[in-house]
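Quick look at entry-v9.cif (mmCIF, C-alpha atoms):
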```cif
data_entry
loop_
_atom_site.group_PDB
_atom_site.id
_atom_site.type_symbol
_atom_site.label_atom_id
_atom_site.label_comp_id
_atom_site.auth_asym_id
_atom_site.auth_seq_id
_atom_site.Cartn_x
_atom_site.Cartn_y
_atom_site.Cartn_z
ATOM 1 C CA LEU A 125 0.766 62.523 81.276
ATOM 2 C CA LEU A 126 3.604 60.973 79.290
ATOM 3 C CA GLU A 127 2.459 61.587 75.725
ATOM 4 C CA LEU A 128 0.463 64.383 74.104
ATOM 5 C CA SER A 129 -0.522 64.270 70.449
ATOM 6 C CA MET A 130 -2.368 67.254 69.010
ATOM 7 C CA SER A 131 -1.266 66.858 65.402
ATOM 8 C CA HIS A 132 -3.630 68.217 62.748
ATOM 9 C CA ASN A 133 -5.530 70.403 65.224
ATOM 10 C CA ARG A 134 -5.415 74.152 64.559
ATOM 11 C CA LEU A 135 -3.827 75.658 67.653
ATOM 12 C CA GLU A 136 -2.928 79.074 66.228
ATOM 13 C CA ALA A 137 -2.117 81.843 68.746
ATOM 14 C CA GLU A 138 -4.748 81.171 71.403
ATOM 15 C CA GLY A 139 -4.283 77.407 71.547
ATOM 16 C CA SER A 140 -0.503 77.749 71.467
ATOM 17 C CA ALA A 141 -0.607 80.146 74.421
ATOM 18 C CA ALA A 142 -2.815 77.766 76.434
ATOM 19 C CA LEU A 143 -0.575 74.801 75.652
ATOM 20 C CA ALA A 144 2.532 76.832 76.512
ATOM 21 C CA GLN A 145 1.016 77.632 79.896
ATOM 22 C CA PHE A 146 0.615 73.899 80.578
ATOM 23 C CA LEU A 147 4.092 73.001 79.275
ATOM 24 C CA SER A 148 5.794 75.691 81.348
ATOM 25 C CA LYS A 149 4.739 74.016 84.589
ATOM 26 C CA PRO A 150 6.745 71.018 85.825
ATOM 27 C CA ASN A 151 5.615 67.867 84.034
ATOM 28 C CA ILE A 152 6.885 64.442 82.994
ATOM 29 C CA LEU A 153 5.892 64.622 79.336
ATOM 30 C CA ARG A 154 8.065 62.344 77.174
ATOM 31 C CA ARG A 155 6.486 62.746 73.706
ATOM 32 C CA LEU A 156 4.913 65.836 72.186
ATOM 33 C CA ARG A 157 3.404 65.683 68.712
ATOM 34 C CA LEU A 158 2.294 68.990 67.225
ATOM 35 C CA SER A 159 2.687 68.322 63.503
ATOM 36 C CA HIS A 160 0.572 70.427 61.125
ATOM 37 C CA CYS A 161 -1.122 72.463 63.877
ATOM 38 C CA ALA A 162 -0.581 76.043 62.724
ATOM 39 C CA ALA A 163 1.115 76.359 66.111
ATOM 40 C CA HIS A 164 2.958 79.460 67.262
ATOM 41 C CA LEU A 165 6.160 77.705 68.237
ATOM 42 C CA GLU A 166 8.106 80.493 69.923
ATOM 43 C CA PRO A 167 6.097 80.405 73.200
ATOM 44 C CA LEU A 168 5.951 76.608 73.073
ATOM 45 C CA PHE A 169 9.731 76.215 72.811
ATOM 46 C CA ALA A 170 10.192 78.725 75.645
ATOM 47 C CA ALA A 171 7.684 76.808 77.782
ATOM 48 C CA LEU A 172 9.460 73.514 77.153
ATOM 49 C CA LEU A 173 12.601 75.067 78.621
ATOM 50 C CA MET A 174 10.778 75.779 81.870
ATOM 51 C CA GLY A 175 8.654 72.724 82.505
ATOM 52 C CA SER A 176 9.496 69.747 80.300
ATOM 53 C CA PRO A 177 12.990 68.490 81.119
ATOM 54 C CA ASP A 178 12.125 64.841 80.392
ATOM 55 C CA LEU A 179 10.895 65.352 76.820
ATOM 56 C CA MET A 180 12.435 62.746 74.511
ATOM 57 C CA GLN A 181 10.473 63.224 71.279
ATOM 58 C CA LEU A 182 9.276 66.459 69.712
ATOM 59 C CA HIS A 183 7.392 66.483 66.413
ATOM 60 C CA VAL A 184 6.561 69.900 64.970
ATOM 61 C CA SER A 185 6.689 69.270 61.223
ATOM 62 C CA GLY A 186 4.319 71.272 59.067
ATOM 63 C CA ASN A 187 4.575 74.346 61.308
ATOM 64 C CA ARG A 188 6.411 77.535 60.404
ATOM 65 C CA VAL A 189 9.840 77.905 62.006
ATOM 66 C CA ALA A 190 11.034 81.462 61.406
ATOM 67 C CA ARG A 191 13.912 83.326 63.039
ATOM 68 C CA LYS A 192 12.229 83.874 66.437
ATOM 69 C CA GLU A 193 11.066 80.280 66.629
ATOM 70 C CA GLY A 194 14.484 79.070 65.507
ATOM 71 C CA THR A 195 16.214 81.064 68.230
ATOM 72 C CA GLN A 196 13.968 79.571 70.916
ATOM 73 C CA LEU A 197 14.430 76.097 69.449
ATOM 74 C CA VAL A 198 18.226 76.420 69.613
ATOM 75 C CA LYS A 199 17.994 77.497 73.268
ATOM 76 C CA TYR A 200 15.817 74.497 74.030
ATOM 77 C CA LEU A 201 18.119 72.089 72.198
ATOM 78 C CA GLN A 202 21.143 73.419 74.066
ATOM 79 C CA ALA A 203 19.412 72.895 77.415
ATOM 80 C CA SER A 204 17.687 69.593 76.682
ATOM 81 C CA ALA A 205 19.601 66.574 77.906
ATOM 82 C CA LYS A 206 17.019 63.903 77.068
ATOM 83 C CA LEU A 207 15.650 64.866 73.642
ATOM 84 C CA THR A 208 16.502 62.052 71.217
ATOM 85 C CA GLU A 209 14.082 62.737 68.366
ATOM 86 C CA LEU A 210 13.192 66.012 66.661
ATOM 87 C CA GLU A 211 10.968 66.133 63.593
ATOM 88 C CA LEU A 212 10.895 69.413 61.680
ATOM 89 C CA ALA A 213 10.220 68.237 58.089
#
```
Write the structure described by the file as structure tokens, please.
Amino acid sequence: LLELSMSHNRLEAEGSAALAQFLSKPNILRRLRLSHCAAHLEPLFAALLMGSPDLMQLHVSGNRVARKEGTQLVKYLQASAKLTELELA
């Protein structure tokens, strides 16, 4: 799977946890679109660190990025060598 688009689907806590479980395992995902999903981003950003080293585009606009999510996002950005596009608007 190279691209996953779940924008405008309500993930909330349960869906975010299930998606994080998938993302934490080694994968070749290049594009992840989660705009306007009511996603819990902290576990998703942590999962990306573990299993998605090839991610080039990440779209999470319309989701809440608070302090905990921001901290995980910074860790991911520092470790990500291939990310070229980040949408947070």
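Taken over the shown file, the PyMOL selection byres ((chain A and resi 203) around 12) identifies Phe169, Ala170, Leu172, Leu173, Met174, Gly175, Ser176, Pro177, Asp178, Leu179, Gln196, Leu197, Val198, Lys199, Tyr200, Leu201, Gln202, Ser204, Ala205, Lys206 and Leu207 of chain A.
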I need the residue set behind the PyMOL selection byres ((chain A and resi 127-144) around 6) for this file; please write it as number ranges by chain.
A: 125-126, 145-148, 153-164, 168, 171
Selection in question (the file shown): the PyMOL selection byres ((chain A and resi 210) around 6). Which residues does it include, as a PDB file with C-alpha atoms, in the coordinates of the input?
```pdb
ATOM      1  CA  LEU A 182       9.276  66.459  69.712  1.00  0.00           C
ATOM      2  CA  HIS A 183       7.392  66.483  66.413  1.00  0.00           C
ATOM      3  CA  GLU A 209      14.082  62.737  68.366  1.00  0.00           C
ATOM      4  CA  GLU A 211      10.968  66.133  63.593  1.00  0.00           C
TER       5      GLU A 211
END
```
Give me the box for range 140-151 of chain A as AutoDock Vina command-line options, namely the centre and edge lengths in Å to one decimal of a box along x, y and z that holds every listed atom plus 6 Å on each side.
```
--center_x 2.0 --center_y 74.0 --center_z 78.6 --size_x 21.6 --size_y 24.3 --size_z 26.4
```
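Our summary of the geometry notes that CA of Pro150 in chain A is positioned 18.6 Å from CA of Glu166 in chain A.
Take CA of Glu193 in chain A and CA of Leu165 in chain A: the distance between them is 5.8 Å.
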Please compute the CA of Thr195 in chain A-CA of Asn151 in chain A distance, one decimal, in Å.
23.2 Å
